[in-house]
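Trainee: Input run.txt, format and content: compact mmCIF, N, CA and C atoms.
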# COMPACT_ATOMS: atom_id res chain seq x y z
N MET A 1 0.75 47.32 -23.25
CA MET A 1 -0.30 46.34 -23.24
C MET A 1 0.01 45.18 -22.31
N ALA A 2 1.25 44.96 -21.99
CA ALA A 2 1.60 43.87 -21.10
C ALA A 2 1.32 44.23 -19.65
N GLY A 3 1.03 45.48 -19.34
CA GLY A 3 0.81 45.93 -17.97
C GLY A 3 -0.31 45.20 -17.26
N PRO A 4 -1.56 45.12 -17.80
CA PRO A 4 -2.63 44.43 -17.10
C PRO A 4 -2.35 42.94 -16.91
N GLN A 5 -1.71 42.31 -17.88
CA GLN A 5 -1.42 40.89 -17.75
C GLN A 5 -0.40 40.64 -16.65
N ARG A 6 0.55 41.56 -16.50
CA ARG A 6 1.56 41.40 -15.45
C ARG A 6 0.93 41.48 -14.07
N ARG A 7 -0.14 42.27 -13.92
CA ARG A 7 -0.81 42.39 -12.62
C ARG A 7 -1.72 41.21 -12.36
N ILE A 8 -2.30 40.61 -13.38
CA ILE A 8 -3.25 39.51 -13.21
C ILE A 8 -2.51 38.21 -12.85
N ALA A 9 -1.36 37.96 -13.42
CA ALA A 9 -0.64 36.71 -13.18
C ALA A 9 -0.31 36.51 -11.69
N PRO A 10 0.26 37.52 -10.99
CA PRO A 10 0.54 37.30 -9.56
C PRO A 10 -0.74 37.12 -8.73
N ILE A 11 -1.80 37.79 -9.09
CA ILE A 11 -3.06 37.64 -8.37
C ILE A 11 -3.62 36.23 -8.57
N ALA A 12 -3.55 35.74 -9.81
CA ALA A 12 -4.04 34.38 -10.09
C ALA A 12 -3.22 33.35 -9.32
N LEU A 13 -1.91 33.54 -9.25
CA LEU A 13 -1.07 32.63 -8.48
C LEU A 13 -1.41 32.67 -6.99
N LEU A 14 -1.66 33.85 -6.47
CA LEU A 14 -2.02 34.00 -5.07
C LEU A 14 -3.34 33.31 -4.78
N ILE A 15 -4.32 33.49 -5.64
CA ILE A 15 -5.62 32.83 -5.46
C ILE A 15 -5.47 31.31 -5.53
N ALA A 16 -4.68 30.81 -6.46
CA ALA A 16 -4.46 29.37 -6.59
C ALA A 16 -3.77 28.82 -5.34
N ALA A 17 -2.78 29.55 -4.81
CA ALA A 17 -2.07 29.10 -3.61
C ALA A 17 -3.00 29.07 -2.40
N ILE A 18 -3.83 30.08 -2.25
CA ILE A 18 -4.78 30.11 -1.14
C ILE A 18 -5.78 28.97 -1.27
N GLY A 19 -6.26 28.74 -2.47
CA GLY A 19 -7.21 27.65 -2.70
C GLY A 19 -6.60 26.29 -2.39
N ALA A 20 -5.38 26.07 -2.80
CA ALA A 20 -4.71 24.80 -2.54
C ALA A 20 -4.48 24.61 -1.04
N GLY A 21 -4.08 25.67 -0.36
CA GLY A 21 -3.89 25.59 1.09
C GLY A 21 -5.18 25.29 1.82
N LEU A 22 -6.27 25.92 1.41
CA LEU A 22 -7.57 25.67 2.01
C LEU A 22 -8.02 24.25 1.77
N LEU A 23 -7.81 23.75 0.57
CA LEU A 23 -8.19 22.38 0.23
C LEU A 23 -7.44 21.38 1.11
N LEU A 24 -6.14 21.58 1.28
CA LEU A 24 -5.35 20.69 2.14
C LEU A 24 -5.80 20.79 3.59
N HIS A 25 -6.08 22.00 4.05
CA HIS A 25 -6.52 22.22 5.42
C HIS A 25 -7.84 21.52 5.70
N LEU A 26 -8.72 21.49 4.74
CA LEU A 26 -10.03 20.87 4.92
C LEU A 26 -10.01 19.36 4.69
N GLY A 27 -8.85 18.81 4.41
CA GLY A 27 -8.76 17.36 4.26
C GLY A 27 -9.00 16.88 2.85
N GLY A 28 -9.06 17.75 1.90
CA GLY A 28 -9.32 17.34 0.53
C GLY A 28 -8.07 17.06 -0.26
N GLY A 29 -6.91 17.11 0.41
CA GLY A 29 -5.67 16.88 -0.30
C GLY A 29 -5.45 15.40 -0.56
N VAL A 30 -4.53 15.12 -1.42
CA VAL A 30 -4.20 13.75 -1.75
C VAL A 30 -3.15 13.25 -0.77
N ASN A 31 -3.43 12.13 -0.11
CA ASN A 31 -2.45 11.54 0.79
C ASN A 31 -1.51 10.65 -0.02
N ALA A 32 -0.25 10.71 0.34
CA ALA A 32 0.70 9.83 -0.33
C ALA A 32 0.41 8.40 0.12
N ALA A 33 0.37 7.50 -0.83
CA ALA A 33 0.10 6.11 -0.51
C ALA A 33 1.27 5.54 0.29
N GLU A 34 0.94 4.74 1.29
CA GLU A 34 1.98 4.11 2.09
C GLU A 34 2.39 2.79 1.47
N THR A 35 3.60 2.38 1.75
CA THR A 35 4.07 1.07 1.34
C THR A 35 4.67 0.39 2.56
N ARG A 36 4.48 -0.90 2.66
CA ARG A 36 5.04 -1.70 3.75
C ARG A 36 5.59 -2.99 3.16
N GLU A 37 6.53 -3.59 3.85
CA GLU A 37 7.12 -4.84 3.39
C GLU A 37 6.95 -5.93 4.43
N VAL A 38 6.74 -7.14 3.95
CA VAL A 38 6.72 -8.33 4.79
C VAL A 38 7.83 -9.24 4.27
N GLU A 39 8.74 -9.59 5.13
CA GLU A 39 9.85 -10.46 4.76
C GLU A 39 9.41 -11.92 4.94
N ILE A 40 9.75 -12.75 3.98
CA ILE A 40 9.54 -14.19 4.10
C ILE A 40 10.92 -14.78 4.32
N ASP A 41 11.15 -15.27 5.54
CA ASP A 41 12.47 -15.76 5.90
C ASP A 41 12.33 -16.84 6.97
N ASN A 42 13.11 -17.91 6.84
CA ASN A 42 13.11 -18.99 7.80
C ASN A 42 11.69 -19.56 8.00
N TYR A 43 10.98 -19.70 6.89
CA TYR A 43 9.63 -20.28 6.87
C TYR A 43 8.65 -19.51 7.75
N SER A 44 8.75 -18.18 7.71
CA SER A 44 7.78 -17.35 8.44
C SER A 44 7.64 -15.99 7.76
N PHE A 45 6.51 -15.34 8.03
CA PHE A 45 6.25 -13.98 7.56
C PHE A 45 6.62 -13.03 8.68
N SER A 46 7.35 -11.97 8.36
CA SER A 46 7.74 -11.01 9.38
C SER A 46 7.59 -9.59 8.85
N PRO A 47 6.73 -8.77 9.47
CA PRO A 47 5.93 -9.12 10.63
C PRO A 47 4.78 -10.04 10.26
N GLY A 48 4.35 -10.83 11.24
CA GLY A 48 3.24 -11.74 11.01
C GLY A 48 1.91 -11.02 10.96
N ASP A 49 1.75 -10.02 11.80
CA ASP A 49 0.55 -9.18 11.81
C ASP A 49 0.95 -7.75 11.49
N LEU A 50 0.17 -7.14 10.62
CA LEU A 50 0.48 -5.80 10.13
C LEU A 50 -0.79 -4.96 10.16
N ILE A 51 -0.72 -3.76 10.71
CA ILE A 51 -1.85 -2.82 10.71
C ILE A 51 -1.48 -1.66 9.82
N VAL A 52 -2.33 -1.40 8.80
CA VAL A 52 -2.02 -0.37 7.81
C VAL A 52 -3.27 0.47 7.51
N PRO A 53 -3.08 1.70 7.05
CA PRO A 53 -4.23 2.49 6.60
C PRO A 53 -4.69 2.03 5.22
N GLN A 54 -5.94 2.30 4.94
CA GLN A 54 -6.51 2.00 3.63
C GLN A 54 -5.67 2.65 2.54
N GLY A 55 -5.44 1.93 1.44
CA GLY A 55 -4.65 2.44 0.32
C GLY A 55 -3.19 2.03 0.36
N THR A 56 -2.80 1.31 1.41
CA THR A 56 -1.40 0.89 1.55
C THR A 56 -1.09 -0.28 0.61
N THR A 57 0.08 -0.24 0.00
CA THR A 57 0.57 -1.36 -0.79
C THR A 57 1.55 -2.14 0.06
N VAL A 58 1.27 -3.43 0.21
CA VAL A 58 2.15 -4.32 0.96
C VAL A 58 2.90 -5.19 -0.05
N THR A 59 4.21 -5.30 0.15
CA THR A 59 5.05 -6.13 -0.70
C THR A 59 5.68 -7.22 0.14
N TRP A 60 5.48 -8.46 -0.27
CA TRP A 60 6.10 -9.62 0.35
C TRP A 60 7.35 -9.96 -0.44
N ILE A 61 8.46 -10.22 0.27
CA ILE A 61 9.74 -10.55 -0.38
C ILE A 61 10.23 -11.88 0.19
N ASN A 62 10.45 -12.86 -0.68
CA ASN A 62 10.91 -14.17 -0.26
C ASN A 62 12.43 -14.21 -0.18
N HIS A 63 12.94 -14.39 1.04
CA HIS A 63 14.39 -14.51 1.24
C HIS A 63 14.82 -15.95 1.49
N ASP A 64 13.86 -16.87 1.50
CA ASP A 64 14.20 -18.28 1.68
C ASP A 64 14.70 -18.87 0.37
N GLU A 65 15.37 -20.00 0.48
CA GLU A 65 15.82 -20.74 -0.70
C GLU A 65 14.68 -21.59 -1.26
N THR A 66 13.58 -21.69 -0.51
CA THR A 66 12.43 -22.50 -0.88
C THR A 66 11.33 -21.60 -1.43
N PRO A 67 10.62 -22.03 -2.47
CA PRO A 67 9.48 -21.24 -2.97
C PRO A 67 8.36 -21.14 -1.93
N HIS A 68 7.69 -20.01 -1.95
CA HIS A 68 6.53 -19.77 -1.07
C HIS A 68 5.45 -19.07 -1.89
N THR A 69 4.24 -19.03 -1.32
CA THR A 69 3.14 -18.27 -1.91
C THR A 69 2.57 -17.36 -0.84
N VAL A 70 1.78 -16.40 -1.28
CA VAL A 70 1.04 -15.51 -0.38
C VAL A 70 -0.40 -15.52 -0.88
N VAL A 71 -1.29 -16.16 -0.11
CA VAL A 71 -2.67 -16.36 -0.57
C VAL A 71 -3.64 -15.98 0.54
N ALA A 72 -4.56 -15.07 0.24
CA ALA A 72 -5.60 -14.70 1.20
C ALA A 72 -6.49 -15.90 1.46
N THR A 73 -6.92 -16.04 2.71
CA THR A 73 -7.75 -17.19 3.08
C THR A 73 -9.24 -16.88 3.03
N GLY A 74 -9.61 -15.62 2.85
CA GLY A 74 -11.02 -15.25 2.80
C GLY A 74 -11.69 -15.70 1.53
N ASP A 75 -13.02 -15.59 1.53
CA ASP A 75 -13.80 -15.98 0.35
C ASP A 75 -14.63 -14.78 -0.09
N PRO A 76 -14.41 -14.19 -1.25
CA PRO A 76 -13.44 -14.62 -2.25
C PRO A 76 -12.03 -14.20 -1.85
N ARG A 77 -11.05 -14.86 -2.43
CA ARG A 77 -9.66 -14.54 -2.12
C ARG A 77 -9.33 -13.15 -2.66
N ALA A 78 -8.90 -12.27 -1.74
CA ALA A 78 -8.58 -10.90 -2.14
C ALA A 78 -7.29 -10.84 -2.96
N PHE A 79 -6.35 -11.74 -2.68
CA PHE A 79 -5.09 -11.74 -3.41
C PHE A 79 -4.51 -13.14 -3.41
N ARG A 80 -3.68 -13.39 -4.41
CA ARG A 80 -3.04 -14.71 -4.56
C ARG A 80 -1.79 -14.53 -5.41
N SER A 81 -0.65 -14.80 -4.80
CA SER A 81 0.59 -14.73 -5.57
C SER A 81 0.80 -16.05 -6.30
N GLY A 82 1.65 -16.02 -7.27
CA GLY A 82 2.17 -17.26 -7.82
C GLY A 82 3.28 -17.74 -6.91
N GLY A 83 3.99 -18.75 -7.31
CA GLY A 83 5.13 -19.20 -6.52
C GLY A 83 6.22 -18.15 -6.53
N LEU A 84 6.76 -17.86 -5.36
CA LEU A 84 7.82 -16.86 -5.22
C LEU A 84 9.14 -17.57 -4.95
N ASP A 85 10.06 -17.48 -5.89
CA ASP A 85 11.40 -18.03 -5.68
C ASP A 85 12.22 -17.05 -4.84
N THR A 86 13.45 -17.40 -4.56
CA THR A 86 14.32 -16.56 -3.75
C THR A 86 14.41 -15.15 -4.33
N ASP A 87 14.16 -14.16 -3.46
CA ASP A 87 14.20 -12.73 -3.77
C ASP A 87 13.07 -12.25 -4.68
N ASP A 88 12.11 -13.12 -4.99
CA ASP A 88 10.92 -12.67 -5.73
C ASP A 88 10.04 -11.85 -4.81
N LYS A 89 9.24 -10.98 -5.43
CA LYS A 89 8.34 -10.09 -4.68
C LYS A 89 6.92 -10.23 -5.20
N PHE A 90 5.97 -9.97 -4.30
CA PHE A 90 4.55 -9.91 -4.66
C PHE A 90 3.96 -8.73 -3.91
N SER A 91 3.20 -7.89 -4.62
CA SER A 91 2.59 -6.70 -4.00
C SER A 91 1.09 -6.71 -4.19
N PHE A 92 0.40 -6.14 -3.19
CA PHE A 92 -1.04 -5.98 -3.25
C PHE A 92 -1.40 -4.68 -2.56
N THR A 93 -2.31 -3.90 -3.17
CA THR A 93 -2.79 -2.65 -2.58
C THR A 93 -4.13 -2.90 -1.92
N PHE A 94 -4.22 -2.58 -0.64
CA PHE A 94 -5.42 -2.80 0.16
C PHE A 94 -6.32 -1.56 0.08
N THR A 95 -7.38 -1.66 -0.72
CA THR A 95 -8.25 -0.51 -0.96
C THR A 95 -9.48 -0.50 -0.06
N LYS A 96 -9.76 -1.60 0.64
CA LYS A 96 -10.94 -1.68 1.50
C LYS A 96 -10.53 -2.06 2.92
N PRO A 97 -11.15 -1.41 3.92
CA PRO A 97 -10.86 -1.78 5.31
C PRO A 97 -11.28 -3.23 5.58
N GLY A 98 -10.60 -3.85 6.52
CA GLY A 98 -10.95 -5.21 6.91
C GLY A 98 -9.75 -5.96 7.44
N ILE A 99 -9.98 -7.22 7.76
CA ILE A 99 -8.93 -8.10 8.24
C ILE A 99 -8.67 -9.13 7.14
N TYR A 100 -7.44 -9.19 6.68
CA TYR A 100 -7.04 -10.07 5.59
C TYR A 100 -6.03 -11.10 6.12
N SER A 101 -6.51 -12.30 6.39
CA SER A 101 -5.63 -13.38 6.80
C SER A 101 -5.07 -14.03 5.55
N TYR A 102 -3.85 -14.54 5.65
CA TYR A 102 -3.22 -15.19 4.50
C TYR A 102 -2.30 -16.29 4.97
N LEU A 103 -1.88 -17.13 4.02
CA LEU A 103 -0.96 -18.21 4.31
C LEU A 103 -0.13 -18.55 3.08
N CYS A 104 0.84 -19.40 3.29
CA CYS A 104 1.61 -19.97 2.19
C CYS A 104 0.99 -21.31 1.89
N THR A 105 0.52 -21.52 0.66
CA THR A 105 -0.16 -22.78 0.34
C THR A 105 0.82 -23.95 0.27
N VAL A 106 2.10 -23.67 0.10
CA VAL A 106 3.12 -24.73 0.09
C VAL A 106 3.40 -25.19 1.52
N HIS A 107 3.36 -24.24 2.45
CA HIS A 107 3.64 -24.50 3.87
C HIS A 107 2.52 -23.84 4.68
N PRO A 108 1.35 -24.50 4.82
CA PRO A 108 0.17 -23.87 5.42
C PRO A 108 0.32 -23.43 6.87
N TYR A 109 1.37 -23.88 7.56
CA TYR A 109 1.62 -23.40 8.92
C TYR A 109 2.17 -21.98 8.91
N MET A 110 2.59 -21.49 7.75
CA MET A 110 3.06 -20.11 7.62
C MET A 110 1.83 -19.22 7.41
N THR A 111 1.51 -18.41 8.40
CA THR A 111 0.32 -17.56 8.31
C THR A 111 0.67 -16.12 8.68
N GLY A 112 -0.19 -15.23 8.25
CA GLY A 112 -0.06 -13.81 8.58
C GLY A 112 -1.38 -13.12 8.47
N LYS A 113 -1.39 -11.84 8.84
CA LYS A 113 -2.64 -11.07 8.81
C LYS A 113 -2.32 -9.61 8.56
N VAL A 114 -3.13 -8.99 7.70
CA VAL A 114 -3.06 -7.55 7.46
C VAL A 114 -4.40 -6.96 7.90
N VAL A 115 -4.33 -6.01 8.82
CA VAL A 115 -5.52 -5.29 9.28
C VAL A 115 -5.51 -3.93 8.62
N VAL A 116 -6.54 -3.65 7.82
CA VAL A 116 -6.62 -2.39 7.09
C VAL A 116 -7.65 -1.50 7.77
N GLN A 117 -7.22 -0.33 8.21
CA GLN A 117 -8.12 0.60 8.92
C GLN A 117 -8.61 1.70 8.01
Using the file provided, produce a representation of the structure as structure tokens.
Mentor:
Amino acid sequence: MAGPQRRIAPIALLIAAIGAGLLLHLGGGVNAAETREVEIDNYSFSPGDLIVPQGTTVTWINHDETPHTVVATGDPRAFRSGGLDTDDKFSFTFTKPGIYSYLCTVHPYMTGKVVVQ
């Protein structure tokens, strides 16, 4: 009685593998989300300008001894960190294309931009 089931299982696996391959080939696969980092050091964001694909998570890391913030300048503000002490991190996932300018509200001359494609 196990004979028919033994023949069906490999066929089902083959069909599933072909279907998954076709789905990926047609662009229906899931893309791994990208991550990028922006260093806050010496009172500047590095890199200052960043171009990323939609769905990317950007993490800002403060390496200064002074607290900083990361605040979008658009209206409404897309993101706003609290105060970041030394080695603190703030992350935001960019789900919509656009240009996102930001600054440190403690030191407004510190500016940056994320371009989401």
Trainee: Could you tell me which of A:Val114, A:Ala33, A:Thr105, A:Asp87 comes closest to Val71 of chain A if we count only N, CA and C atoms?
Mentor: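 Closest to Val71 of chain A of all the choices is A:Thr105.
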Trainee: When you draw a straight line from atom CA of Gln117 of chain A to atom CA of Ile99 of chain A, how long is it in Å?
Mentor: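 According to the coordinates, atom CA of Gln117 of chain A and atom CA of Ile99 of chain A are separated by 8.8 Å.
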Trainee: Which residues are near segment 40-43 of chain A? Cut-off 8 Å, only C-alpha atoms, ignore same chain within fewer than 3 positions. Put them as a list in words.
Mentor: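 Close residues of segment 40-43 of chain A: Ser46, Trp60, Ile61, Asn62, His63, Asp64, His107 and Met110 of chain A.
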Trainee: Would you list the contacts of Val115 of chain A as an MDAnalysis selection string, taking every protein, DNA or RNA residue within 7 Å and counting only N, CA and C atoms, but skipping same-chain residues closer than 3 positions in sequence?
Mentor: chainID A and resid 49:53 97:100
Trainee: Which is closer to Asp88 of chain A than all the others in A:Glu39, A:Pro47, A:Ala72, A:Leu103, using only C-alpha atoms?
Mentor: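 Among the listed residues, the smallest separation from Asp88 of chain A belongs to A:Glu39.
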Trainee: Could you jot down the atom CA of Glu34 of chain A to atom CA of Lys113 of chain A separation for me, Å, one decimal place?
Mentor: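 Result for atom CA of Glu34 of chain A versus atom CA of Lys113 of chain A: 17.2 Å, one decimal.
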Trainee: What parts of segment 22-90 of chain A does DSSP call helix (DSSP H, G or I)? I'd like the answer as a PyMOL selection string.
Mentor: chain A and resi 22-25
Trainee: Got a sec: who's within 6 Å of Thr59 of chain A, counting all atoms listed in the file, leaving out chain neighbours fewer than 3 positions off, as a list in words?
Mentor: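 In the requested format, the answer is Arg36, Glu37, Val38, Phe90, Ser91 and Phe92 of chain A.
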Trainee: Could you state the separation of atom CA of Gly82 of chain A and atom C of Thr35 of chain A in Å, given to one decimal place?
Mentor: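 Separating atom CA of Gly82 of chain A from atom C of Thr35 of chain A is a distance of 20.6 Å.
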Trainee: Counting only N, CA and C atoms, figure out which residue out of A:Thr56, A:Leu84, A:Gly48, A:Thr66 gets nearest to Val116 of chain A.
Mentor: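 For Val116 of chain A, the nearest of the candidates is A:Thr56.
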Trainee: Could you check the closest approach to Val70 of chain A for each of A:Gly83, A:Val58, A:Thr95, A:Pro108 and tell me which residue wins, using all atoms listed in the file?
Mentor: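 Looking only at the distances to Val70 of chain A, the closest residue turns out to be A:Gly83.
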Trainee: Using DSSP secondary structure from the backbone, list all strand (DSSP E or B) positions within segment 41-97 of chain A, as a PyMOL selection string.
Mentor: chain A and resi 41+44-46+49-52+57-62+68+71-72+80+84+89-93
Trainee: Restrict the selected residues to N, CA and C atoms and save them as a CSV table (one decimal), keeping the file's coordinate frame.
Mentor:
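And here's out_14.csv as it stands now:
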chain,number,residue,atom,x,y,z
A,41,ASP,N,11.2,-15.3,5.5
A,41,ASP,CA,12.5,-15.8,5.9
A,41,ASP,C,12.3,-16.8,7.0
A,44,SER,N,8.8,-18.2,7.7
A,44,SER,CA,7.8,-17.4,8.4
A,44,SER,C,7.6,-16.0,7.8
A,45,PHE,N,6.5,-15.3,8.0
A,45,PHE,CA,6.2,-14.0,7.6
A,45,PHE,C,6.6,-13.0,8.7
A,46,SER,N,7.4,-12.0,8.4
A,46,SER,CA,7.7,-11.0,9.4
A,46,SER,C,7.6,-9.6,8.8
A,49,ASP,N,1.8,-10.0,11.8
A,49,ASP,CA,0.6,-9.2,11.8
A,49,ASP,C,1.0,-7.8,11.5
A,50,LEU,N,0.2,-7.1,10.6
A,50,LEU,CA,0.5,-5.8,10.1
A,50,LEU,C,-0.8,-5.0,10.2
A,51,ILE,N,-0.7,-3.8,10.7
A,51,ILE,CA,-1.8,-2.8,10.7
A,51,ILE,C,-1.5,-1.7,9.8
A,52,VAL,N,-2.3,-1.4,8.8
A,52,VAL,CA,-2.0,-0.4,7.8
A,52,VAL,C,-3.3,0.5,7.5
A,57,THR,N,0.1,-0.2,0.0
A,57,THR,CA,0.6,-1.4,-0.8
A,57,THR,C,1.6,-2.1,0.1
A,58,VAL,N,1.3,-3.4,0.2
A,58,VAL,CA,2.2,-4.3,1.0
A,58,VAL,C,2.9,-5.2,0.0
A,59,THR,N,4.2,-5.3,0.2
A,59,THR,CA,5.0,-6.1,-0.7
A,59,THR,C,5.7,-7.2,0.1
A,60,TRP,N,5.5,-8.5,-0.3
A,60,TRP,CA,6.1,-9.6,0.4
A,60,TRP,C,7.4,-10.0,-0.4
A,61,ILE,N,8.5,-10.2,0.3
A,61,ILE,CA,9.7,-10.6,-0.4
A,61,ILE,C,10.2,-11.9,0.2
A,62,ASN,N,10.4,-12.9,-0.7
A,62,ASN,CA,10.9,-14.2,-0.3
A,62,ASN,C,12.4,-14.2,-0.2
A,68,HIS,N,7.7,-20.0,-2.0
A,68,HIS,CA,6.5,-19.8,-1.1
A,68,HIS,C,5.4,-19.1,-1.9
A,71,VAL,N,-1.3,-16.2,-0.1
A,71,VAL,CA,-2.7,-16.4,-0.6
A,71,VAL,C,-3.6,-16.0,0.5
A,72,ALA,N,-4.6,-15.1,0.2
A,72,ALA,CA,-5.6,-14.7,1.2
A,72,ALA,C,-6.5,-15.9,1.5
A,80,ARG,N,-3.7,-13.4,-4.4
A,80,ARG,CA,-3.0,-14.7,-4.6
A,80,ARG,C,-1.8,-14.5,-5.4
A,84,LEU,N,6.8,-17.9,-5.4
A,84,LEU,CA,7.8,-16.9,-5.2
A,84,LEU,C,9.1,-17.6,-5.0
A,89,LYS,N,9.2,-11.0,-5.4
A,89,LYS,CA,8.3,-10.1,-4.7
A,89,LYS,C,6.9,-10.2,-5.2
A,90,PHE,N,6.0,-10.0,-4.3
A,90,PHE,CA,4.6,-9.9,-4.7
A,90,PHE,C,4.0,-8.7,-3.9
A,91,SER,N,3.2,-7.9,-4.6
A,91,SER,CA,2.6,-6.7,-4.0
A,91,SER,C,1.1,-6.7,-4.2
A,92,PHE,N,0.4,-6.1,-3.2
A,92,PHE,CA,-1.0,-6.0,-3.2
A,92,PHE,C,-1.4,-4.7,-2.6
A,93,THR,N,-2.3,-3.9,-3.2
A,93,THR,CA,-2.8,-2.6,-2.6
A,93,THR,C,-4.1,-2.9,-1.9
Trainee: Only C-alpha atoms needed: put segment 84-114 of chain A from the block into a file as a JSON list (two decimals), in the first residue's frame.
Mentor:
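result_17.json, freshly written:
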[["chain", "number", "residue", "atom", "x", "y", "z"],
["A", 84, "LEU", "CA", 21.34, 59.18, 20.69],
["A", 85, "ASP", "CA", 24.17, 58.88, 23.19],
["A", 86, "THR", "CA", 27.55, 57.38, 22.33],
["A", 87, "ASP", "CA", 27.15, 54.07, 20.43],
["A", 88, "ASP", "CA", 23.34, 54.34, 20.43],
["A", 89, "LYS", "CA", 21.55, 53.31, 17.23],
["A", 90, "PHE", "CA", 18.39, 54.37, 15.44],
["A", 91, "SER", "CA", 16.86, 52.45, 12.52],
["A", 92, "PHE", "CA", 14.18, 53.27, 9.99],
["A", 93, "THR", "CA", 12.83, 51.17, 7.09],
["A", 94, "PHE", "CA", 12.13, 53.16, 3.92],
["A", 95, "THR", "CA", 8.99, 51.66, 2.40],
["A", 96, "LYS", "CA", 8.16, 54.45, -0.09],
["A", 97, "PRO", "CA", 10.31, 55.93, -2.87],
["A", 98, "GLY", "CA", 11.36, 59.54, -2.45],
["A", 99, "ILE", "CA", 13.99, 61.91, -1.15],
["A", 100, "TYR", "CA", 14.28, 62.03, 2.64],
["A", 101, "SER", "CA", 16.36, 64.91, 3.96],
["A", 102, "TYR", "CA", 17.26, 64.86, 7.64],
["A", 103, "LEU", "CA", 19.28, 66.71, 10.26],
["A", 104, "CYS", "CA", 20.41, 66.62, 13.85],
["A", 105, "THR", "CA", 18.13, 68.95, 15.82],
["A", 106, "VAL", "CA", 20.88, 69.52, 18.41],
["A", 107, "HIS", "CA", 23.36, 70.55, 15.69],
["A", 108, "PRO", "CA", 21.25, 71.68, 12.67],
["A", 109, "TYR", "CA", 24.33, 72.12, 10.45],
["A", 110, "MET", "CA", 24.57, 68.31, 10.48],
["A", 111, "THR", "CA", 22.47, 67.22, 7.50],
["A", 112, "GLY", "CA", 22.02, 64.17, 5.31],
["A", 113, "LYS", "CA", 19.78, 62.70, 2.67],
["A", 114, "VAL", "CA", 18.43, 59.26, 1.78]]
